[in-house]
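Visitor: Got a structure for you, questions after.
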Amino acid sequence: MAPGENLQVLNALDVAKTQWYHFTAIIVAGMGFFTDAYDLFCISLVTKLLGRIYYHVDGAEKPGTLPPNVSAAVNGVAFCGTLSGQLFFGWLGDKLGRKKVYGMTLMIMAICSIASGLSFGKDPKTVMATLCFFRFWLGFGIGGDYPLSATIMSEYANKKTRGAFIAAVFAMQGFGILAGGVLAIIISAFFDARFRAPAYELNPVASTVPQADYAWRIILMVGALPALLTYYWRMKMPETARYTALVAKNVEKAVKDMSKVLQADIEAEQQKVEHISKEPGKSFGLFSKEFLCRHGIHLLGTTSTWFLLDIAFYSQNLFQKDIFSAVGWIPPAQTMNAIEEVYKIARAQTLIAIFSTIPGYWFTVALIDRMGRFSIQLLGFSMMTIFMFALAIPYEHWTHKDHRIGFVVMYSLTFFFANFGPNSTTFVVPAEIFPARLRSTCHGISAASGKLGAIVGAFGFLYLAQNKDKAKADAGYPAGIGVKNALLVIGFINLAGTLCTFLVPESKGKSLEEISGENEDINANTNEAGS
């Protein structure tokens, strides 16, 4: 066997022309991320409405809002579930196989999306407790989709366009955000037309109609539809050839499955079949010295960059409401009724998705196999650093009314370069650079590190960005370091992400076995057996 030569069945996948099954795999795998983004987007709309419905205070100047601890629980419990799901299903995907676990995550998402909308009870504590319970398990299912979808897509794709295919799966998040916004606009427009209500400042009680309690439930429950619609197709997908051949040691079945998928005759390679089926192989584990020597730096690179990216990415979301209000996209809450507020927020966030978020994702899809993962991630982190310092250092300049449009443009560009940058590449790279038997586990660890960063970004900065004067801080929050200093901290975090990018190898144009060194192990062991 020539050094570096791969199994025929895996080589056939590497050199396969782009076919219909590639696009089917993108859609089937991407629906999990569509659901993920839909849910995370919608909850930001729903929390405003929940505050008005369940935390109304008679005589208050402004509409009711969720108390800080309740808001943190409703938003944070899904992150905790996602982190747990990424670790658990990542490990399970390597132990049982990608396909066996894949349908499980989708069913958890579908059931918990419906259950979230059915959160029972009339008093606030009961509704919030049941909503948090189901959102944890919804996050658990979503978490499982990260390592499984990335691994399945990387193992199905050819090496020429593999980056674009994995990035396209992740880019389905953009369409999930868009669908969530459009649906919220439609539902809120319908309810507002059907059940007219005065603004809060005119009649605080009448501004929130009883039917509003149905609106948020419908928005959450619709998230189950994309998951249910793709369940059948997930069950029809064969196990990936790389798992079947390299982990389950059944090359014959891998050849049979991929011959059907590729509609081509593939040689079974009996010598390698016999060797792989009998030889346990020089398989090192995750906690072995061999793994540390070969992939320790790589795992440090993927976990650190994803962790730092998500701190910056999720903390940026905190400033959206202030920016929307500043440019007049969202009027003061007391000038609207409850349903109208949902409509205005959905419209503003949908505009950001169309002009900033979605283009960023698809720029990555278009250019990742030309520019490479390393270049895009380095460019993204660098531009995020530059724009964040440009917003933070002259922050007083941007607060003047005449300069607010410029602030929004630069803020939008940081989102663009996050998506045309590390938000996409941190998802792609861990699915390519680790051995097949540890690929799903290592992707799950990397993703969980990112979600830990999201928790820090979303909740640490929620307190950190509060006004230095406690009297001017949001109700229920202690004094913080102020928005300007918070933006400076985010800038330094982006800079750290730029530096950590140098720990991550380039995987463009190489087969998965070449990147991980598995083909050398297979050929070395096969030659030993034949000598």
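FYI, nothing fancy with the structure tokens labels: chains A, B, ... in order, residues from 1 per chain, ligands from 1 as they appear.
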When you look at segment 51-53 of chain A with a cut-off of 6 Å (counting only C-alpha atoms), what residues show up, excluding the ones that are within fewer than 3 positions of it in the same chain? I need them as a count of residues only.
Guide: 6
Visitor: Which residues are close to Ala179 of chain A, i.e. within 9 Å by only C-alpha atoms, leaving aside same-chain residues fewer than 5 positions away? Reply as a list in words.
Guide: Phe34, Tyr38, Gly174, Ala184 and Thr350 of chain A
Visitor: Restricting it to N, CA, C and O atoms, dump the selection as an mmCIF file, in the first residue's frame.
Guide:
```
data_model
loop_
_atom_site.group_PDB
_atom_site.id
_atom_site.type_symbol
_atom_site.label_atom_id
_atom_site.label_comp_id
_atom_site.auth_asym_id
_atom_site.auth_seq_id
_atom_site.Cartn_x
_atom_site.Cartn_y
_atom_site.Cartn_z
ATOM 1 N N PHE A 34 -31.796 25.091 12.104
ATOM 2 C CA PHE A 34 -32.957 25.937 11.814
ATOM 3 C C PHE A 34 -33.827 26.049 13.068
ATOM 4 O O PHE A 34 -34.208 27.137 13.491
ATOM 5 N N TYR A 38 -34.373 29.301 15.457
ATOM 6 C CA TYR A 38 -35.774 29.718 15.584
ATOM 7 C C TYR A 38 -36.134 29.881 17.054
ATOM 8 O O TYR A 38 -36.692 30.896 17.468
ATOM 9 N N GLY A 174 -29.392 31.015 9.999
ATOM 10 C CA GLY A 174 -29.852 32.300 9.465
ATOM 11 C C GLY A 174 -31.294 32.240 9.002
ATOM 12 O O GLY A 174 -32.089 33.160 9.263
ATOM 13 N N ALA A 184 -43.366 35.580 13.725
ATOM 14 C CA ALA A 184 -43.761 36.472 14.830
ATOM 15 C C ALA A 184 -44.465 37.719 14.285
ATOM 16 O O ALA A 184 -45.446 38.199 14.880
ATOM 17 N N THR A 350 -35.554 41.021 12.312
ATOM 18 C CA THR A 350 -35.605 40.409 10.984
ATOM 19 C C THR A 350 -34.765 41.215 9.990
ATOM 20 O O THR A 350 -34.067 40.642 9.142
#
```
Visitor: In Å, how far is it from atom CA of Phe416 of chain A to atom CA of Phe170 of chain A?
Guide: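 So the answer is 14.8 Å.
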Visitor: For the atom pair atom CA of Ile354 of chain A and atom CA of Gly176 of chain A, what is the interatomic distance in Å to one decimal place?
Guide: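 Separation between atom CA of Ile354 of chain A and atom CA of Gly176 of chain A: 11.5 Å.
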Visitor: Determine which residues of segment 107-329 of chain A receive a DSSP assignment of alpha helix (DSSP H), computed from the backbone, and state them as a VMD selection string.
Guide: chain A and resid 107 to 117 124 to 156 162 to 194 212 to 221 224 to 236 241 to 242 251 to 262 270 to 278 289 to 316 320 to 326
